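As structure tokens, the structure follows; a few thoughts come after it.
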Amino acid sequence: MINISKEKIKEIFNMKDAIESNKEAFILHSKNEGIIPLRTNIDIPKFKGQSLFMPGYIESLDISGIKIVSVFPENIKLEKNSINSTMILLSGKTGEVLSTLDGTYLTQIRTGAVAGAATEILSNKDSKIGALFGTGGQGECQFEAMLTARNLEEIRVFDIDEERCNSFCLEMAKKFSIKVKSCKTPKEAVENADIITTATTSKKPVFDFKDIKKGAHINAIGSYTPEMQEIDENLIKNADKIYFDSKSAVLSESGDIIIPLKKHIISEHDFKGDIGEVLIDKIEGRKNKEEITLFKSVGISILDIVMAKKIYEKTLKK
């Protein structure tokens, strides 16, 4: 058994690799080639946190695994990551543990790459302006994923912590050599934005539908419990097409979709399907530049397992 650190993953596996890995996993999922139970969430109310357990098995790859994630937003006050995680990869042939991986960074790059893959598949190819909500543990990878997927000229950033947002923008501008704007209001961030990514733990919508442009693509990444809701219900109602990483997982876990469903604002007939079904030409993707597309992800273990396997194999070759 080998342990693969964050530094090793960074050395051998980049964002483009991660996006391609996720696209492969989406295809496997849409072909029903994995056993992917819904994750188990355990609340830790004493410290306003949650621990999540995400197992899975992929027969065609002879691999299984489980990722354990703890989400503790109050950790930021302690100058610690708000998300901590470990990935355990097992042989599908013998059940032996092959590797443990830094699940925190794996989660960051995988989740960023989920939005990156959706952006590649669904956004307009000539997109120039991006908007990002949230500068926590997911912030940098979500930022990088937008740049990897599209040749953007500017990214606007909003966070409820203005000081943290300003620092994040300065760091991203220096690291990626792109125009980055720290926004004082959500409206300032999304006006005329071609791609919008939300990566927060908010329980109320982070921007208004009326402020976005025709043709925008939205990646809704943060909401993973029935109480969390980053996305305006008017956007859910009026989006031209809505896609998921996994419809069954989203309908069980995300308030972005569960809440408007309960209010009868939308019905399941309003959903196109899983994004992997676009990749295998089972359902259509974007058809014109005016469509507003929404991709909702809660994260499914097949994404982590496929990526962990690729990282493990690259590590062995090194």
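Please note that chains go A, B, ... in the order of the structure tokens, that every chain numbers its residues from 1, and that ligands are numbered from 1 in the order shown.
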Exercise for review: Identify, on the basis of only C-alpha atoms, every residue whose closest approach to A:Ser254 does not exceed 7 Å; exclude the query and any residue fewer than 3 positions from it along the same chain; express the result as a PyMOL selection string.
Suggested key: chain A and resi 223-226+228+250-251+257-258+298
Serialized selection, all heavy atoms, as a JSON list (two decimals), in the first residue's frame:
```json
[["chain", "number", "residue", "atom", "x", "y", "z"],
["A", 223, "SER", "N", -24.20, 23.11, -3.17],
["A", 223, "SER", "CA", -25.29, 22.55, -2.37],
["A", 223, "SER", "C", -25.29, 21.03, -2.41],
["A", 223, "SER", "O", -25.50, 20.44, -3.46],
["A", 223, "SER", "CB", -26.63, 23.08, -2.89],
["A", 223, "SER", "OG", -27.71, 22.34, -2.37],
["A", 224, "TYR", "N", -25.08, 20.40, -1.24],
["A", 224, "TYR", "CA", -25.06, 18.93, -1.19],
["A", 224, "TYR", "C", -25.93, 18.37, -0.08],
["A", 224, "TYR", "O", -25.86, 17.19, 0.25],
["A", 224, "TYR", "CB", -23.61, 18.42, -1.03],
["A", 224, "TYR", "CG", -22.95, 18.87, 0.26],
["A", 224, "TYR", "CD1", -23.08, 18.12, 1.42],
["A", 224, "TYR", "CD2", -22.23, 20.05, 0.31],
["A", 224, "TYR", "CE1", -22.49, 18.53, 2.60],
["A", 224, "TYR", "CE2", -21.63, 20.47, 1.48],
["A", 224, "TYR", "CZ", -21.77, 19.71, 2.62],
["A", 224, "TYR", "OH", -21.20, 20.13, 3.79],
["A", 225, "THR", "N", -26.80, 19.23, 0.51],
["A", 225, "THR", "CA", -27.79, 18.75, 1.48],
["A", 225, "THR", "C", -29.15, 19.36, 1.10],
["A", 225, "THR", "O", -29.21, 20.39, 0.40],
["A", 225, "THR", "CB", -27.46, 19.16, 2.93],
["A", 225, "THR", "OG1", -27.69, 20.57, 3.09],
["A", 225, "THR", "CG2", -26.02, 18.82, 3.29],
["A", 226, "PRO", "N", -30.26, 18.78, 1.57],
["A", 226, "PRO", "CA", -31.59, 19.30, 1.22],
["A", 226, "PRO", "C", -31.85, 20.72, 1.70],
["A", 226, "PRO", "O", -32.76, 21.38, 1.20],
["A", 226, "PRO", "CB", -32.55, 18.31, 1.90],
["A", 226, "PRO", "CG", -31.76, 17.04, 1.98],
["A", 226, "PRO", "CD", -30.35, 17.47, 2.27],
["A", 228, "MET", "N", -29.41, 23.20, 1.74],
["A", 228, "MET", "CA", -28.53, 24.16, 1.05],
["A", 228, "MET", "C", -29.17, 24.58, -0.28],
["A", 228, "MET", "O", -29.73, 23.76, -1.00],
["A", 228, "MET", "CB", -27.16, 23.53, 0.77],
["A", 228, "MET", "CG", -26.31, 23.33, 1.99],
["A", 228, "MET", "SD", -24.70, 22.64, 1.53],
["A", 228, "MET", "CE", -23.89, 22.58, 3.11],
["A", 250, "VAL", "N", -28.68, 13.90, -6.94],
["A", 250, "VAL", "CA", -29.13, 15.29, -6.78],
["A", 250, "VAL", "C", -30.52, 15.35, -6.15],
["A", 250, "VAL", "O", -30.77, 16.15, -5.24],
["A", 250, "VAL", "CB", -29.11, 16.03, -8.14],
["A", 250, "VAL", "CG1", -29.81, 17.38, -8.02],
["A", 250, "VAL", "CG2", -27.68, 16.22, -8.62],
["A", 251, "LEU", "N", -31.44, 14.49, -6.61],
["A", 251, "LEU", "CA", -32.80, 14.52, -6.08],
["A", 251, "LEU", "C", -32.87, 14.04, -4.63],
["A", 251, "LEU", "O", -33.86, 14.30, -3.93],
["A", 251, "LEU", "CB", -33.72, 13.67, -6.94],
["A", 251, "LEU", "CG", -33.96, 14.17, -8.37],
["A", 251, "LEU", "CD1", -35.00, 13.30, -9.08],
["A", 251, "LEU", "CD2", -34.39, 15.62, -8.39],
["A", 257, "ILE", "N", -32.45, 21.70, -6.02],
["A", 257, "ILE", "CA", -33.49, 21.05, -6.81],
["A", 257, "ILE", "C", -34.64, 20.57, -5.93],
["A", 257, "ILE", "O", -35.82, 20.69, -6.30],
["A", 257, "ILE", "CB", -32.90, 19.87, -7.60],
["A", 257, "ILE", "CG1", -31.78, 20.35, -8.51],
["A", 257, "ILE", "CG2", -33.98, 19.16, -8.41],
["A", 257, "ILE", "CD1", -32.19, 21.36, -9.57],
["A", 258, "ILE", "N", -34.34, 20.04, -4.75],
["A", 258, "ILE", "CA", -35.37, 19.49, -3.87],
["A", 258, "ILE", "C", -36.38, 20.56, -3.45],
["A", 258, "ILE", "O", -37.60, 20.33, -3.47],
["A", 258, "ILE", "CB", -34.73, 18.85, -2.61],
["A", 258, "ILE", "CG1", -33.92, 17.61, -3.01],
["A", 258, "ILE", "CG2", -35.80, 18.49, -1.58],
["A", 258, "ILE", "CD1", -33.08, 17.04, -1.88],
["A", 298, "VAL", "N", -23.58, 17.12, -7.13],
["A", 298, "VAL", "CA", -23.38, 16.90, -5.69],
["A", 298, "VAL", "C", -22.14, 16.04, -5.44],
["A", 298, "VAL", "O", -21.74, 15.85, -4.30],
["A", 298, "VAL", "CB", -24.62, 16.23, -5.03],
["A", 298, "VAL", "CG1", -25.79, 17.19, -5.02],
["A", 298, "VAL", "CG2", -24.98, 14.94, -5.73]]
```
Point to revise | Residue set, stretch 70-290 of chain A restricted to strand (DSSP E or B), as a ChimeraX atom specification | key: /A:70-71,83-91,97-102,129-133,154-158,179-182,195-198,217-220,241-244,273-274
Point to revise | Shell around A:Val71 at 12 Å using only C-alpha atoms, local window under 6 positions removed, as an MDAnalysis selection string | key: chainID A and resid 41:45 47:53 80:85 104 107 136:138 200:201 222 224:225
With N, CA, C and O atoms retained, write the just-selected residues as a tab-separated table (two decimals), in the first residue's frame.
```tsv
chain	number	residue	atom	x	y	z
A	41	ASN	N	-24.33	10.80	5.04
A	41	ASN	CA	-23.96	12.06	5.69
A	41	ASN	C	-24.23	11.95	7.18
A	41	ASN	O	-25.32	11.56	7.60
A	42	ILE	N	-23.23	12.30	7.97
A	42	ILE	CA	-23.40	12.32	9.42
A	42	ILE	C	-23.17	13.74	9.92
A	42	ILE	O	-22.10	14.31	9.72
A	43	ASP	N	-24.19	14.33	10.54
A	43	ASP	CA	-24.07	15.69	11.07
A	43	ASP	C	-23.26	15.69	12.36
A	43	ASP	O	-23.38	14.79	13.20
A	44	ILE	N	-22.44	16.74	12.50
A	44	ILE	CA	-21.67	16.95	13.72
A	44	ILE	C	-22.09	18.33	14.26
A	44	ILE	O	-21.37	19.32	14.13
A	45	PRO	N	-23.29	18.44	14.84
A	45	PRO	CA	-23.83	19.76	15.21
A	45	PRO	C	-22.99	20.51	16.23
A	45	PRO	O	-22.98	21.74	16.23
A	47	PHE	N	-19.93	21.03	16.33
A	47	PHE	CA	-18.94	21.88	15.68
A	47	PHE	C	-19.40	22.37	14.30
A	47	PHE	O	-18.60	22.75	13.47
A	48	LYS	N	-20.72	22.33	14.08
A	48	LYS	CA	-21.33	22.82	12.83
A	48	LYS	C	-20.71	22.16	11.60
A	48	LYS	O	-20.47	22.82	10.59
A	49	GLY	N	-20.47	20.86	11.71
A	49	GLY	CA	-19.83	20.16	10.61
A	49	GLY	C	-20.59	18.93	10.16
A	49	GLY	O	-21.65	18.59	10.70
A	50	GLN	N	-20.04	18.30	9.14
A	50	GLN	CA	-20.59	17.05	8.62
A	50	GLN	C	-19.45	16.15	8.17
A	50	GLN	O	-18.42	16.62	7.66
A	51	SER	N	-19.65	14.84	8.33
A	51	SER	CA	-18.75	13.85	7.74
A	51	SER	C	-19.55	13.04	6.73
A	51	SER	O	-20.69	12.64	6.99
A	52	LEU	N	-18.93	12.81	5.56
A	52	LEU	CA	-19.61	12.15	4.46
A	52	LEU	C	-18.79	10.93	4.03
A	52	LEU	O	-17.56	11.00	3.95
A	53	PHE	N	-19.49	9.84	3.72
A	53	PHE	CA	-18.84	8.59	3.33
A	53	PHE	C	-19.37	8.17	1.96
A	53	PHE	O	-20.56	7.96	1.78
A	80	LYS	N	-7.70	26.70	9.24
A	80	LYS	CA	-7.61	25.33	8.73
A	80	LYS	C	-8.54	25.18	7.53
A	80	LYS	O	-9.45	25.99	7.34
A	81	ASN	N	-8.30	24.15	6.72
A	81	ASN	CA	-9.19	23.89	5.59
A	81	ASN	C	-10.60	23.59	6.08
A	81	ASN	O	-10.77	22.87	7.08
A	82	SER	N	-11.59	24.11	5.38
A	82	SER	CA	-12.97	23.81	5.73
A	82	SER	C	-13.37	22.41	5.28
A	82	SER	O	-14.35	21.85	5.76
A	83	ILE	N	-12.59	21.84	4.33
A	83	ILE	CA	-12.85	20.49	3.83
A	83	ILE	C	-11.59	19.64	4.04
A	83	ILE	O	-10.50	20.00	3.60
A	84	ASN	N	-11.74	18.51	4.71
A	84	ASN	CA	-10.65	17.56	4.89
A	84	ASN	C	-11.12	16.17	4.47
A	84	ASN	O	-12.26	15.80	4.73
A	85	SER	N	-10.23	15.41	3.84
A	85	SER	CA	-10.69	14.15	3.27
A	85	SER	C	-9.55	13.17	3.04
A	85	SER	O	-8.40	13.56	2.84
A	104	THR	N	-8.47	15.50	0.43
A	104	THR	CA	-8.81	16.92	0.40
A	104	THR	C	-8.46	17.51	-0.95
A	104	THR	O	-9.29	18.16	-1.61
A	107	THR	N	-10.49	15.88	-3.75
A	107	THR	CA	-11.82	16.48	-3.81
A	107	THR	C	-11.79	17.83	-4.50
A	107	THR	O	-12.64	18.14	-5.33
A	136	GLY	N	-13.36	29.59	-0.68
A	136	GLY	CA	-12.88	28.66	0.33
A	136	GLY	C	-11.99	27.59	-0.28
A	136	GLY	O	-11.27	27.82	-1.27
A	137	GLY	N	-12.05	26.39	0.28
A	137	GLY	CA	-11.18	25.30	-0.16
A	137	GLY	C	-11.36	24.93	-1.61
A	137	GLY	O	-10.44	24.41	-2.26
A	138	GLN	N	-12.54	25.18	-2.18
A	138	GLN	CA	-12.81	24.86	-3.58
A	138	GLN	C	-12.40	25.96	-4.53
A	138	GLN	O	-12.32	25.75	-5.75
A	200	THR	N	-20.29	27.39	-2.72
A	200	THR	CA	-20.47	27.90	-1.36
A	200	THR	C	-21.28	26.89	-0.54
A	200	THR	O	-21.77	25.90	-1.07
A	201	THR	N	-21.42	27.19	0.74
A	201	THR	CA	-22.27	26.37	1.60
A	201	THR	C	-23.54	27.13	1.96
A	201	THR	O	-24.17	26.88	2.99
A	222	GLY	N	-22.00	23.83	-4.96
A	222	GLY	CA	-21.88	23.83	-3.51
A	222	GLY	C	-22.93	23.06	-2.74
A	222	GLY	O	-22.64	22.43	-1.73
A	224	TYR	N	-25.08	20.40	-1.24
A	224	TYR	CA	-25.06	18.93	-1.19
A	224	TYR	C	-25.93	18.37	-0.08
A	224	TYR	O	-25.86	17.19	0.25
A	225	THR	N	-26.80	19.23	0.51
A	225	THR	CA	-27.79	18.75	1.48
A	225	THR	C	-29.15	19.36	1.10
A	225	THR	O	-29.21	20.39	0.40
```
**Study point:** Point-to-point distance from atom CA of A:Phe176 to atom CA of A:Glu140, Å rounded to tenths
**Key:**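 Between these atoms lies a distance of 10.3 Å.
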Review point. Near A:Leu261, counting only C-alpha atoms, which residues have an atom at most 12 Å away, once you skip same-chain residues fewer than 4 positions from it, shown as a PyMOL selection string?
Key: chain A and resi 226+233+236-237+250-252+254-257+265-271
Near A:Thr135, within 7 Å and counting only C-alpha atoms, which residues show up once chain neighbours fewer than 2 positions away are dropped, as a CSV table (one decimal) with all heavy atoms, in the first residue's frame?
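So selection-v9.csv came out as:
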```
chain,number,residue,atom,x,y,z
A,133,PHE,N,-18.4,32.2,-7.3
A,133,PHE,CA,-18.9,32.5,-5.9
A,133,PHE,C,-18.3,31.5,-5.0
A,133,PHE,O,-18.5,30.3,-5.1
A,133,PHE,CB,-20.4,32.4,-5.9
A,133,PHE,CG,-21.2,33.5,-6.6
A,133,PHE,CD1,-21.3,33.5,-8.0
A,133,PHE,CD2,-21.7,34.5,-5.8
A,133,PHE,CE1,-21.9,34.6,-8.6
A,133,PHE,CE2,-22.4,35.6,-6.5
A,133,PHE,CZ,-22.5,35.6,-7.8
A,137,GLY,N,-12.0,26.4,0.3
A,137,GLY,CA,-11.2,25.3,-0.2
A,137,GLY,C,-11.4,24.9,-1.6
A,137,GLY,O,-10.4,24.4,-2.3
A,138,GLN,N,-12.5,25.2,-2.2
A,138,GLN,CA,-12.8,24.9,-3.6
A,138,GLN,C,-12.4,26.0,-4.5
A,138,GLN,O,-12.3,25.7,-5.7
A,138,GLN,CB,-14.3,24.6,-3.8
A,138,GLN,CG,-14.7,23.2,-3.5
A,138,GLN,CD,-14.1,22.2,-4.5
A,138,GLN,OE1,-14.0,22.5,-5.7
A,138,GLN,NE2,-13.6,21.1,-4.0
A,139,GLY,N,-12.2,27.2,-4.0
A,139,GLY,CA,-12.0,28.3,-4.9
A,139,GLY,C,-11.0,28.2,-6.0
A,139,GLY,O,-11.3,28.5,-7.1
A,159,ASP,N,-17.4,36.9,-2.7
A,159,ASP,CA,-17.5,36.1,-1.4
A,159,ASP,C,-18.0,37.0,-0.3
A,159,ASP,O,-17.8,38.2,-0.3
A,159,ASP,CB,-16.1,35.6,-1.1
A,159,ASP,CG,-16.1,34.5,0.0
A,159,ASP,OD1,-16.3,34.9,1.2
A,159,ASP,OD2,-15.9,33.4,-0.3
A,165,CYS,N,-11.9,37.7,-0.2
A,165,CYS,CA,-12.1,37.8,-1.6
A,165,CYS,C,-11.0,38.6,-2.3
A,165,CYS,O,-10.5,38.2,-3.3
A,165,CYS,CB,-13.5,38.4,-1.9
A,165,CYS,SG,-14.0,38.3,-3.6
A,168,PHE,N,-7.8,36.6,-2.3
A,168,PHE,CA,-7.9,35.5,-3.3
A,168,PHE,C,-7.7,36.1,-4.7
A,168,PHE,O,-7.0,35.5,-5.5
A,168,PHE,CB,-9.3,34.9,-3.2
A,168,PHE,CG,-9.6,33.8,-4.2
A,168,PHE,CD1,-9.2,32.5,-3.9
A,168,PHE,CD2,-10.3,34.1,-5.3
A,168,PHE,CE1,-9.5,31.5,-4.8
A,168,PHE,CE2,-10.6,33.1,-6.3
A,168,PHE,CZ,-10.2,31.8,-6.0
```
Practice item. Pull the alpha helix (DSSP H) assignments for stretch 52-217 of chain A out of DSSP run on the backbone, and list those residues as an MDAnalysis selection string. Key: chainID A and resid 103:122 139:149 162:176 186:190
**Study point:** Nearby residues (only C-alpha atoms) at most 8 Å from stretch 120-130 of chain A, same-chain spacing under 3 positions excluded, as JSON, numbers by chain
**Key:** {"A": [116, 117, 146, 149, 150, 151, 152, 153, 154, 155, 156, 192, 193, 194, 195, 196, 197, 215, 216, 217, 285, 286, 289, 293]}
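Among A:Ala189, A:Ile109, A:Met87, A:Cys169, the residue with the shortest atom-to-atom distance to A:Tyr312, counting only C-alpha atoms, is A:Met87.
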Review point. Can you list, as an MDAnalysis selection string, every protein, DNA or RNA residue that comes within 8 Å of A:Ser5 when you count only C-alpha atoms, leaving out same-chain residues fewer than 3 positions away?
Key: chainID A and resid 8:9 101:102
Selected residues written out, all heavy atoms, as an mmCIF file, in the first residue's frame:
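Written file, part-v4.cif:
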```
data_model
loop_
_atom_site.group_PDB
_atom_site.id
_atom_site.type_symbol
_atom_site.label_atom_id
_atom_site.label_comp_id
_atom_site.auth_asym_id
_atom_site.auth_seq_id
_atom_site.Cartn_x
_atom_site.Cartn_y
_atom_site.Cartn_z
ATOM 1 N N LYS A 8 2.459 15.046 -4.421
ATOM 2 C CA LYS A 8 2.667 14.050 -5.470
ATOM 3 C C LYS A 8 1.561 14.156 -6.528
ATOM 4 O O LYS A 8 1.820 14.071 -7.738
ATOM 5 C CB LYS A 8 2.710 12.650 -4.879
ATOM 6 C CG LYS A 8 2.804 11.523 -5.909
ATOM 7 C CD LYS A 8 4.053 11.635 -6.781
ATOM 8 C CE LYS A 8 5.325 11.339 -6.000
ATOM 9 N NZ LYS A 8 6.499 11.321 -6.900
ATOM 10 N N ILE A 9 0.314 14.324 -6.082
ATOM 11 C CA ILE A 9 -0.795 14.471 -7.040
ATOM 12 C C ILE A 9 -0.555 15.679 -7.933
ATOM 13 O O ILE A 9 -0.687 15.612 -9.161
ATOM 14 C CB ILE A 9 -2.148 14.594 -6.312
ATOM 15 C CG1 ILE A 9 -2.459 13.314 -5.525
ATOM 16 C CG2 ILE A 9 -3.279 14.864 -7.317
ATOM 17 C CD1 ILE A 9 -3.681 13.411 -4.625
ATOM 18 N N LEU A 101 -4.971 8.221 -0.577
ATOM 19 C CA LEU A 101 -4.622 9.464 -1.250
ATOM 20 C C LEU A 101 -5.120 10.648 -0.430
ATOM 21 O O LEU A 101 -6.095 10.538 0.317
ATOM 22 C CB LEU A 101 -5.250 9.531 -2.648
ATOM 23 C CG LEU A 101 -4.874 8.459 -3.667
ATOM 24 C CD1 LEU A 101 -5.826 7.258 -3.581
ATOM 25 C CD2 LEU A 101 -4.912 9.025 -5.090
ATOM 26 N N ASP A 102 -4.437 11.777 -0.581
ATOM 27 C CA ASP A 102 -4.913 13.008 0.040
ATOM 28 C C ASP A 102 -6.276 13.339 -0.560
ATOM 29 O O ASP A 102 -6.375 13.863 -1.665
ATOM 30 C CB ASP A 102 -3.920 14.145 -0.217
ATOM 31 C CG ASP A 102 -4.312 15.439 0.490
ATOM 32 O OD1 ASP A 102 -5.504 15.803 0.440
ATOM 33 O OD2 ASP A 102 -3.443 16.091 1.087
#
```
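Rounded to one decimal, atom CA of A:Arg39 and atom CA of A:Leu78 lie 27.4 Å from each other.
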Show me, as a Markdown table, the residues of stretch 10-48 of chain A having an atom within 10 Å of stretch 59-69 of chain A, each with the closest atom pair and its distance in Å, using only C-alpha atoms.
```
| residue | atom | partner | partner_atom | distance |
| --- | --- | --- | --- | --- |
| A:Leu28 | CA | A:Ser60 | CA | 9.1 |
| A:Glu33 | CA | A:Glu59 | CA | 6.8 |
| A:Gly34 | CA | A:Glu59 | CA | 6.6 |
| A:Ile35 | CA | A:Glu59 | CA | 8.2 |
| A:Ile36 | CA | A:Ser64 | CA | 9.9 |
| A:Arg39 | CA | A:Lys67 | CA | 9.6 |
| A:Thr40 | CA | A:Ile68 | CA | 9.7 |
| A:Asn41 | CA | A:Val69 | CA | 9.4 |
```
Practice item. Report the distance between atom CA of A:Leu279 and atom CA of A:Lys317 in Å, rounded to one decimal place. Key: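 These two atoms are separated by 29.4 Å.
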Exercise for review: Measuring atom to atom with only C-alpha atoms, identify which of A:Thr119, A:Gln108, A:Thr86, A:Thr198 is nearest to A:Gly134.
Suggested key: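 The shortest atom-to-atom distance to A:Gly134 comes from A:Thr198.
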Practice item. Considering only C-alpha atoms, state which residue in the set A:Tyr57, A:Glu188, A:Glu144, A:Asn234 is at the smallest distance from A:Gly92. Key: A:Tyr57
**Study point:** Distance criterion (only C-alpha atoms): nearest to A:Ile231 out of A:Leu294, A:Val114, A:Ala249, A:Ala173
**Key:**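 Looking only at the distances to A:Ile231, the closest residue turns out to be A:Leu294.
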